[in-house]
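A short write-up of the structure that comes next.
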Amino acid sequence: MSTESGLSALRRSGVDVHLPGDDGYDRARTTWALAVDLRPAAVAFPRDAVEVAAVVRAAASAGLRVAPVGTGHNAHALGDLSGSVLLRTSAMTGLEIDADARRARVRAGEVWHPVVQGAAAHGLAALHGSSPDTGVVGYTLGGGVSWFGRELGLAANSVTAVELVDADGELRRVDAEHDPELFWAVRGGGGANFGVVTALDFALYPIETAYAGMLVWDLREAHRVLSRWASWAVDAPDGITTSYRHLQFPPIPEIPEPFRGRRLIVIDGAALAGDDEAERILAPLRELRPEIDTFARVPAATLSRLHMDPEQPTPGGGRSALLDELPSEAVDRLVETAGPDSGTSLFLAAELRQLGGALGRVQPGAGALARLDGQFQLITGGMMLGEQAKQTIVDGERVVDALASWSRGRQYLNFQEEQVDPATGFEATDWAALRRIREAVDPGGLFQANHEIPGGGAAPAVTGERAS
Ligand SMILES: Cc1cc2nc3c(=O)[nH]c(=O)nc-3n(C[C@H](O)[C@H](O)[C@H](O)COP(=O)(O)OP(=O)(O)OC[C@H]3O[C@@H](n4cnc5c(N)ncnc54)[C@H](O)[C@@H]3O)c2cc1C
């Protein structure tokens, strides 16, 4: 079937489809990542698994690929879509909670905030990330670093079942008993390498409150505060997970006092500990006399907005790297390139997520991303519009390059907002297995993922060695 007749057939099937030239095409192809100019052959908004299967079959028979996305938070890494149907799951929302079993089931288009609220109504919490509106599916199947991560591990490893439409257009439910190999691959290997995920089941945890908040200093304190946080972070108990940031706020009315027009250090995070224990853990940071300290016992559901991540579509982007350590020389380099005298243009001059703990240990029954092999996740972020986009990349790469000596080139792909070698996200043996499974379930390469695992992978890999 020709591309044109295949797409016409899809349209006749009743699925909401937008083609180039249609009035709604530009709106349909615009995602959360406003600066990413996606130009797909078509955009489809299926409402359920039956319609997802119709899109997959129609695309295959029209000779097109299928690129599933939730919100588009990682649309930066999607390649050329001129031969692909962008399959948007935003019409497929829905959440069910089994409080007794401590399980949630979400449909593919669900974002975190309503899930966090729904779970909290039962005294339960999910391993959500810092942003209330990232998609549950993209975040979770790519790994998922939450405020509870150092205690409870990656969100991908709390998934108990995945429903997906495969390359033949068949709906499959995979779990530890049914197709365990595919279940392993999809948890960390990212859904879109293996199909279009229509629903996810995952564990919830009995967490009603946390000791959480933020500590704030002027950016001029960067060397003193980062030196302390960097050594504190590696020795802190698993029950606390934090982030360290250098932020520059423009002097505009939309930014509330006391952040407006300021350059600040913000350490935020959450402790799963009693008040006395949490205060003991935080004491070395509080000793540095932050000008704002909001750490206190709070309902766990408030963590969804703790990090103040943007909830509207945003023209941002940046660079990132996994770091092994942050010795004093690395602190010097970070302050030089992202500190008060760096001249950086970035809103998020640098962020370091505290990893380790359960995030760094292989979890029993884990999927393809069993752990993150690094102590810190470095992230930069700025505007990606017009001329500013180049400066955002230059300033981001300056920070990443300055810290390259403390990175082995490995990546946590969820935070990679550019196309990188996806093998750098996995252990060598796991990478070979992922390629083999991709070949088995999608031999024609129908699906287009943000971080694509090519089929093949027959080559044996040496255990414990990193793929490259
Ligand atoms: C502001 C911000 C805050 C973030 N905070 C965190 C954080 O705290 N912790 C963390 O670990 N990560 C975080 N991330 C990274 C985030 O996990 C990734 O951007 C993730 O890809 C977002 O998933 P999404 O579905 O919203 O994005 P999308 O761009 O929609 O999806 C990303 C990819 O997931 C796959 N995918 C999505 N839906 C489906 C589906 N139904 N079937 C098959 N494949 C699918 C596709 O390959 C798609 O390209 C953050 C990112 C941003 C921009």
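Each chain in the structure tokens gets a letter, A, B, ..., in the order shown, and its residues are numbered from 1; ligands are numbered from 1 in order too.
Neighbours of segment 151-153 of chain A closer than or equal to 9 Å, with only C-alpha atoms counted and sequence neighbours fewer than 3 positions away skipped, come out as Leu127, Gly144, Val145, Ser146, Trp147, Phe148, Ala156, Asn157, Ser158, Pro237, Asp238, Gly239, Ile240, Thr241, Leu272, Gly357, Ala358, Leu359, Gly360, Arg361, Val362, Gln363, Ala370 and Arg371 of chain A.
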Q) So which residues are near ligand 1, meaning at most 6 Å away with only C-alpha atoms and all ligand atoms counted, given back as an MDAnalysis selection string? A) chainID A and resid 68:75 108 129:131 134:135 137:139 143:146 190:192 195:198 309 414:415 449:450
Using only C-alpha atoms, which residues of segment 152-230 of chain A come within 10 Å of segment 436-439 of chain A, and what is the closest atom pair for each, with the distance in Å to one decimal? Give it as CSV, sorted by chain and residue number.
```
residue,atom,partner,partner_atom,distance
A:Glu181,CA,A:Ile437,CA,7.6
A:Leu182,CA,A:Ile437,CA,7.0
A:Trp184,CA,A:Ile437,CA,9.8
A:Ala185,CA,A:Ile437,CA,7.3
A:Val186,CA,A:Ile437,CA,9.7
A:Gly189,CA,A:Arg438,CA,9.7
A:Asn193,CA,A:Arg438,CA,6.7
A:Phe194,CA,A:Arg438,CA,6.1
A:Gly195,CA,A:Arg438,CA,9.6
```
Q: Can you list, as a count of residues only, all residues belonging to segment 101-310 of chain A that DSSP tags as strand (DSSP E or B)?
A: 63
Selection near Arg39 of chain A, 12 Å with only C-alpha atoms, sequence-local residues under 3 positions removed, as an mmCIF file with C-alpha atoms, in the first residue's frame:
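For reference, out_2.cif as written:
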```
data_model
loop_
_atom_site.group_PDB
_atom_site.id
_atom_site.type_symbol
_atom_site.label_atom_id
_atom_site.label_comp_id
_atom_site.auth_asym_id
_atom_site.auth_seq_id
_atom_site.Cartn_x
_atom_site.Cartn_y
_atom_site.Cartn_z
ATOM 1 C CA HIS A 18 -3.390 14.939 11.331
ATOM 2 C CA LEU A 19 -1.390 15.137 8.100
ATOM 3 C CA PRO A 20 0.938 17.893 6.838
ATOM 4 C CA GLY A 21 -1.235 20.602 5.335
ATOM 5 C CA TYR A 25 -1.143 19.545 11.983
ATOM 6 C CA ASP A 26 1.059 22.223 13.602
ATOM 7 C CA ARG A 27 -0.750 21.988 16.923
ATOM 8 C CA ALA A 28 -0.690 18.185 16.778
ATOM 9 C CA ARG A 29 3.082 17.987 16.226
ATOM 10 C CA THR A 30 3.921 20.472 19.005
ATOM 11 C CA THR A 31 4.971 18.759 22.230
ATOM 12 C CA VAL A 36 11.926 20.791 19.009
ATOM 13 C CA ALA A 42 1.386 12.061 10.320
ATOM 14 C CA VAL A 43 0.310 12.576 13.915
ATOM 15 C CA ALA A 67 7.238 6.923 17.149
ATOM 16 C CA ALA A 75 11.429 14.831 22.130
ATOM 17 C CA LEU A 78 13.894 11.791 18.516
ATOM 18 C CA GLY A 79 15.480 11.637 15.091
ATOM 19 C CA ASP A 80 14.015 12.467 11.696
ATOM 20 C CA LEU A 81 10.275 11.741 11.686
ATOM 21 C CA SER A 82 9.630 12.382 7.989
ATOM 22 C CA GLY A 83 8.975 8.665 7.490
ATOM 23 C CA SER A 84 7.137 8.135 10.786
ATOM 24 C CA VAL A 85 3.749 8.461 12.405
ATOM 25 C CA LEU A 86 4.083 10.368 15.666
#
```
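Omitting Leu124 of chain A and its sequence neighbours fewer than 3 positions away, and counting only C-alpha atoms, the residues within 10 Å are A:Ile97, A:Ala99, A:Arg102, A:Arg103, A:Ala104, A:Val116, A:Gln117, A:Gly118, A:Ala119, A:Ala120, A:Ala121, A:Ala203, A:Leu204, A:Tyr205, A:Pro206, A:Ile207, A:Glu208, A:Thr209, A:Ala300, A:Ala301.
Within segment 234-331 of chain A, DSSP run on the backbone puts these residues in alpha helix (DSSP H): Val234, Asp235, Asp275, Asp276, Glu277, Ala278, Glu279, Arg280, Ile281, Leu282, Ala283, Pro284, Leu285, Arg286, Ser328, Glu329, Ala330 and Val331 of chain A.
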Given the selection you just returned, output its residues as a file containing N, CA and C atoms, formatted as a CSV table (one decimal), in the first residue's frame.
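Here's the written file out_29.csv:
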```csv
chain,number,residue,atom,x,y,z
A,234,VAL,N,27.9,11.5,49.4
A,234,VAL,CA,28.4,10.1,49.2
A,234,VAL,C,28.2,9.3,50.5
A,235,ASP,N,28.2,10.0,51.6
A,235,ASP,CA,28.2,9.3,52.9
A,235,ASP,C,26.8,9.3,53.5
A,275,ASP,N,11.7,12.8,62.3
A,275,ASP,CA,12.2,14.2,62.3
A,275,ASP,C,13.6,14.3,62.9
A,276,ASP,N,13.8,13.6,64.1
A,276,ASP,CA,15.1,13.7,64.7
A,276,ASP,C,16.2,13.2,63.8
A,277,GLU,N,16.0,12.0,63.2
A,277,GLU,CA,17.0,11.4,62.3
A,277,GLU,C,17.2,12.3,61.1
A,278,ALA,N,16.2,12.9,60.5
A,278,ALA,CA,16.3,13.7,59.3
A,278,ALA,C,17.1,15.0,59.7
A,279,GLU,N,16.8,15.5,60.8
A,279,GLU,CA,17.6,16.7,61.2
A,279,GLU,C,19.0,16.4,61.5
A,280,ARG,N,19.3,15.3,62.0
A,280,ARG,CA,20.7,14.9,62.2
A,280,ARG,C,21.4,14.7,60.9
A,281,ILE,N,20.7,14.1,59.9
A,281,ILE,CA,21.3,13.9,58.6
A,281,ILE,C,21.6,15.3,57.9
A,282,LEU,N,20.7,16.2,58.0
A,282,LEU,CA,20.8,17.5,57.4
A,282,LEU,C,21.7,18.5,58.1
A,283,ALA,N,22.1,18.2,59.3
A,283,ALA,CA,22.8,19.2,60.1
A,283,ALA,C,24.1,19.7,59.4
A,284,PRO,N,24.9,18.9,58.7
A,284,PRO,CA,26.1,19.4,58.1
A,284,PRO,C,25.8,20.5,57.0
A,285,LEU,N,24.6,20.3,56.4
A,285,LEU,CA,24.2,21.3,55.4
A,285,LEU,C,23.7,22.6,56.0
A,286,ARG,N,22.9,22.4,57.1
A,286,ARG,CA,22.3,23.5,57.8
A,286,ARG,C,23.4,24.4,58.5
A,328,SER,N,37.6,17.5,45.2
A,328,SER,CA,37.7,18.9,45.3
A,328,SER,C,38.1,19.6,44.0
A,329,GLU,N,38.9,18.9,43.2
A,329,GLU,CA,39.3,19.4,41.8
A,329,GLU,C,38.0,19.6,41.0
A,330,ALA,N,37.1,18.6,41.0
A,330,ALA,CA,35.9,18.6,40.3
A,330,ALA,C,35.0,19.8,40.7
A,331,VAL,N,35.0,20.0,42.0
A,331,VAL,CA,34.2,21.1,42.6
A,331,VAL,C,34.7,22.4,42.0
```
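You can rank A:Asp179, A:Asp401, A:Glu110, A:Asp23 by their closest distance to Val441 of chain A using only C-alpha atoms, and at the top of that list sits A:Asp179.
Between Leu247 of chain A and the residues A:Val106, A:Val216, A:Val225, A:Leu326, the shortest atom-to-atom distance, using only C-alpha atoms, involves A:Val216.
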